[in-house]
Amino acid sequence: MIETFRFVLLLAAVCLTSINNYHAKEIRNPQYSLVLGLTHSRLSKTGLDPAKELLEMLDMTEPLREVRDGYIISLNLGTPPQLIQVYLDTGSDLTWVPCGNVTFECIDCSDYRSSRLTANFSPSRSSSATRDSCFSRFCIDVHSSDSSYDPCTVAGCSLSTVIQSTCYRPCPSFAYTYGDGIVAGTLTRDTLRVHGSRQNSTREIPKFCFGCVGSTYKEPIGIAGFGKGPLSLPSQLGFLQKGFSHCFLSFRFANHPNISSPLVLGDLAISSKEYMQFTPMLRSHMYPSYYYIGLEAITVGYNVTAAVEVPLMLRELDSSGNGGMIIDSGTTYTHLPEPFYSQLLSLLQSIITYPRALEVEARSGFDLCYKIPCPMNDISLADDEYLPSISFHFLNNVSLKLPQGNAFYAMRAPINSTVTKCLLFQGMDIESDYGPAGVFGSFQQQNVEVVYDLEKERIGFQVTDCALSWISQGLHIQRNN
């Protein structure tokens, strides 16, 4: 509580400082240069008419590196470029980076000290960095959230007095929330550099807008927002008219130096996908930036499967925009609403005959852990055939049988030819005005090609070996160029 109060006071001070310094010399702020495998980018310095360039939608590919609780994308920002690594998050819009090697402060981040990936962005070292203005659509968007921590809200600032069509002052400082986490900073524009698909080809995306964050609460690493809002990276680069896809490697490849997960944006991501199953995207006017899908059933079992009846709230959205399931790379584990989640646990307990690992459940916080055979203490021999399969059934008769390792995960090294595996799902309590009723997390998306076809408003799934996909696209070579 003390740390949260300290952060709120900090936000108020930041906002007041920003308002009082509107007529002062504009502060130079950090910027990104995105290092992407890009076949083209419409926002290039070609001198072509922007509308004509928009029609020339090109493709880009980017390697994602896996860390302990997510997937990292490398951004190349500024002039000269600075390499910053941030999380890929399809559940939010804002792209932000930690700013200032000395001044950046992360409150209550003791659990993440080992998670620092690179040096923070230094705006003073970029000759092309500028502060975003208060009349820009991005400034209006970042201050239009319902966050009670927004500096303008905390300090009693009236946005109507600063966001005007003729206003040329800097955009006020913002606060952006992520569940329990909060970040505070300023909107900045800078050059984003991307790699073309051809070797040694690059393009520049000028005036890319992102957050230059100086203070956070429980958010030590930056984020690349891939939601559907105007602030997101795909939106600013023009790819929301097409789509993107990713193929997450298994967590056993975490921090592997020679292999990464492929991320593809543009026509290449959505074309020639006849082999995939597609479920329609649902629209929510309450949270329009999320990628919603409808869940019809979950089946579990060995040779014969049993189904758990899914509540209506997971299948569709109500008139207020509540319900549905969002697919979110920024959430590690799948979350299901109560009492549906408890019903799923009960069904699994009735099927699995191995002894429970109650001490691991108490220590880890997971609700269902089992001690299963592990011949010769070789974890590769502890096949998931000992545990029932779990399949998700989405709208339009789309069935996704989770690959091995996507439901139960080994919590420690095998002992005496036994290994403990836990179900990596979590429950969530639904309140009034609850928003999404469930979340399909990144852990359950391992070794699954996921296609966000925004042109046709659908999401596709196909179980695949993402390591082979990485190699087949030549990204293991491109990554070092």
# chains A, B, ... in the order shown; residues from 1 in each chain; ligands from 1
>>> residues_around(residues="Gly365 in chain A", least_positions_apart="5", cutoff="12 Å", atoms="only C-alpha atoms", output="number ranges by chain")
A: 357-360, 411, 422-427
>>> write_last_selection(atoms="C-alpha atoms", output="PDB file, in the first residue's frame")
ATOM      1  CA  ALA A 357       1.593 -33.613  -5.129  1.00  0.00           C
ATOM      2  CA  LEU A 358      -0.123 -31.519  -2.493  1.00  0.00           C
ATOM      3  CA  GLU A 359       3.075 -29.961  -1.181  1.00  0.00           C
ATOM      4  CA  VAL A 360       3.907 -28.657  -4.663  1.00  0.00           C
ATOM      5  CA  MET A 411       7.828 -28.270 -11.829  1.00  0.00           C
ATOM      6  CA  CYS A 422       1.073 -29.243 -12.612  1.00  0.00           C
ATOM      7  CA  LEU A 423      -1.890 -28.005 -14.629  1.00  0.00           C
ATOM      8  CA  LEU A 424      -0.978 -24.494 -15.761  1.00  0.00           C
ATOM      9  CA  PHE A 425      -4.490 -23.077 -15.857  1.00  0.00           C
ATOM     10  CA  GLN A 426      -5.873 -20.585 -13.368  1.00  0.00           C
ATOM     11  CA  GLY A 427      -9.323 -19.547 -12.189  1.00  0.00           C
TER      12      GLY A 427
END
>>> select_by_dssp(residues="range 311-480 of chain A", states="alpha helix (DSSP H)", output="number ranges by chain")
A: 312-315, 340-351, 358-364, 466-472, 475-478
>>> closest_residue(among="A:Ser417, A:Gln343, A:Asn322, A:Gln462", to="Ala437 in chain A", atoms="only C-alpha atoms")
A:Asn322
>>> residues_around(residues="Val264 in chain A", least_positions_apart="6", cutoff="9 Å", atoms="only C-alpha atoms", output="number ranges by chain")
A: 37-38, 59-63, 243-246
>>> write_last_selection(atoms="N, CA, C and O atoms", output="compact mmCIF listing (two decimals), in the first residue's frame")
# COMPACT_ATOMS: atom_id res chain seq x y z
N GLY A 37 12.29 -8.36 -39.51
CA GLY A 37 12.51 -8.92 -40.82
C GLY A 37 11.37 -8.47 -41.68
O GLY A 37 10.28 -9.01 -41.58
N LEU A 38 11.56 -7.48 -42.47
CA LEU A 38 10.47 -6.82 -43.17
C LEU A 38 10.66 -6.93 -44.67
O LEU A 38 11.67 -6.51 -45.20
N ASP A 59 5.34 -7.22 -46.19
CA ASP A 59 5.43 -8.19 -45.10
C ASP A 59 6.67 -7.96 -44.26
O ASP A 59 7.67 -7.43 -44.74
N MET A 60 6.60 -8.37 -43.05
CA MET A 60 7.76 -8.29 -42.18
C MET A 60 7.79 -9.51 -41.28
O MET A 60 6.76 -10.08 -40.92
N THR A 61 8.99 -9.95 -40.97
CA THR A 61 9.17 -11.09 -40.07
C THR A 61 10.15 -10.70 -38.98
O THR A 61 11.11 -9.96 -39.22
N GLU A 62 9.90 -11.22 -37.79
CA GLU A 62 10.72 -10.83 -36.64
C GLU A 62 10.92 -12.03 -35.73
O GLU A 62 9.97 -12.75 -35.42
N PRO A 63 12.15 -12.30 -35.32
CA PRO A 63 12.37 -13.39 -34.35
C PRO A 63 11.98 -12.97 -32.95
O PRO A 63 12.28 -11.87 -32.50
N GLY A 243 -2.99 -8.34 -41.16
CA GLY A 243 -2.92 -9.23 -40.01
C GLY A 243 -1.50 -9.62 -39.68
O GLY A 243 -0.53 -9.10 -40.25
N PHE A 244 -1.38 -10.57 -38.76
CA PHE A 244 -0.06 -11.06 -38.37
C PHE A 244 -0.21 -12.47 -37.80
O PHE A 244 -1.33 -12.95 -37.56
N SER A 245 0.91 -13.13 -37.59
CA SER A 245 0.89 -14.48 -37.04
C SER A 245 2.12 -14.69 -36.17
O SER A 245 3.14 -14.01 -36.34
N HIS A 246 2.01 -15.63 -35.23
CA HIS A 246 3.18 -16.01 -34.44
C HIS A 246 3.13 -17.51 -34.20
O HIS A 246 2.09 -18.16 -34.30
>>> residues_around(residues="Asp429 in chain A", least_positions_apart="4", cutoff="12 Å", atoms="only C-alpha atoms", output="list of chain:residue names")
A:His335, A:Leu336, A:Pro337, A:Glu338, A:Pro339, A:Phe340, A:Tyr341, A:Ser342, A:Asp433, A:Tyr434, A:Gly435, A:Pro436, A:Ala437, A:Gly438
>>> write_last_selection(atoms="N, CA and C atoms", output="compact mmCIF listing (two decimals), in the first residue's frame")
# COMPACT_ATOMS: atom_id res chain seq x y z
N HIS A 335 -6.78 -18.44 -18.25
CA HIS A 335 -7.66 -18.16 -17.12
C HIS A 335 -9.10 -18.49 -17.50
N LEU A 336 -9.79 -19.22 -16.63
CA LEU A 336 -11.17 -19.61 -16.85
C LEU A 336 -12.02 -19.15 -15.67
N PRO A 337 -13.27 -18.78 -15.93
CA PRO A 337 -14.12 -18.23 -14.86
C PRO A 337 -14.65 -19.31 -13.94
N GLU A 338 -14.89 -18.92 -12.71
CA GLU A 338 -15.58 -19.79 -11.76
C GLU A 338 -17.09 -19.71 -12.00
N PRO A 339 -17.86 -20.80 -11.78
CA PRO A 339 -17.41 -22.11 -11.27
C PRO A 339 -16.94 -23.08 -12.37
N PHE A 340 -16.89 -22.59 -13.61
CA PHE A 340 -16.49 -23.47 -14.72
C PHE A 340 -15.11 -24.06 -14.49
N TYR A 341 -14.17 -23.24 -13.99
CA TYR A 341 -12.81 -23.71 -13.75
C TYR A 341 -12.79 -24.86 -12.75
N SER A 342 -13.54 -24.72 -11.66
CA SER A 342 -13.59 -25.78 -10.64
C SER A 342 -14.22 -27.05 -11.20
N ASP A 433 -19.81 -5.88 -14.51
CA ASP A 433 -19.00 -5.14 -15.49
C ASP A 433 -17.63 -5.78 -15.62
N TYR A 434 -17.65 -7.08 -15.87
CA TYR A 434 -16.44 -7.88 -15.74
C TYR A 434 -15.52 -7.85 -16.94
N GLY A 435 -15.98 -7.42 -18.10
CA GLY A 435 -15.12 -7.45 -19.28
C GLY A 435 -14.99 -8.86 -19.81
N PRO A 436 -13.78 -9.28 -20.24
CA PRO A 436 -13.60 -10.65 -20.76
C PRO A 436 -13.89 -11.69 -19.69
N ALA A 437 -14.50 -12.82 -20.12
CA ALA A 437 -14.81 -13.89 -19.17
C ALA A 437 -13.69 -14.91 -19.07
N GLY A 438 -12.72 -14.89 -19.99
CA GLY A 438 -11.62 -15.83 -19.97
C GLY A 438 -10.46 -15.32 -20.79
>>> residues_around(residues="range 376-381 of chain A", least_positions_apart="2", cutoff="8 Å", atoms="only C-alpha atoms", output="list of chain:residue names")
A:Cys374, A:Asp383, A:Ala413, A:Pro414, A:Ile415, A:Asn416, A:Ser417, A:Thr418, A:Val419
>>> residues_around(residues="Ile293 in chain A", least_positions_apart="4", cutoff="10 Å", atoms="only C-alpha atoms", output="list in words")
Thr279, Pro280, Met281, Leu282, Arg283, Leu314, Arg315, Glu316, Leu317, Gly323, Gly324, Met325, Ile326, Ile327, Phe394, Leu395, Gly438, Val439, Phe440, Arg458 and Ile459 of chain A
>>> residues_around(residues="Arg68 in chain A", least_positions_apart="2", cutoff="7 Å", atoms="only C-alpha atoms", output="NGL selection string")
:A and (66 or 70 or 254)
>>> atom_distance(atom1="CA of Val448 in chain A", atom2="CA of Leu75 in chain A")
24.2 Å
>>> closest_atom_pairs(of="range 59-91 of chain A", to="range 169-191 of chain A", cutoff="9 Å", atoms="only C-alpha atoms", output="JSON lines")
{"residue": "A:Asn76", "atom": "CA", "partner": "A:Thr191", "partner_atom": "CA", "distance": 8.7}
{"residue": "A:Leu77", "atom": "CA", "partner": "A:Thr191", "partner_atom": "CA", "distance": 6.1}
{"residue": "A:Gly78", "atom": "CA", "partner": "A:Thr191", "partner_atom": "CA", "distance": 5.4}
{"residue": "A:Thr79", "atom": "CA", "partner": "A:Thr191", "partner_atom": "CA", "distance": 7.2}
{"residue": "A:Pro81", "atom": "CA", "partner": "A:Thr191", "partner_atom": "CA", "distance": 8.5}
>>> write_last_selection(atoms="C-alpha atoms", output="PDB file, in the first residue's frame")
ATOM      1  CA  ASN A  76      15.846  -0.718 -32.817  1.00  0.00           C
ATOM      2  CA  LEU A  77      15.000   2.892 -31.915  1.00  0.00           C
ATOM      3  CA  GLY A  78      16.495   6.305 -32.478  1.00  0.00           C
ATOM      4  CA  THR A  79      19.355   7.971 -34.351  1.00  0.00           C
ATOM      5  CA  PRO A  81      19.739   3.211 -33.272  1.00  0.00           C
TER       6      PRO A  81
END
>>> closest_residue(among="A:Pro98, A:Gly405, A:Pro230, A:Gly330", to="Ile72 in chain A", atoms="only C-alpha atoms")
A:Gly330
>>> closest_residue(among="A:Ser261, A:Ser235, A:Ser399, A:Thr202", to="Met276 in chain A", atoms="only C-alpha atoms")
A:Ser399
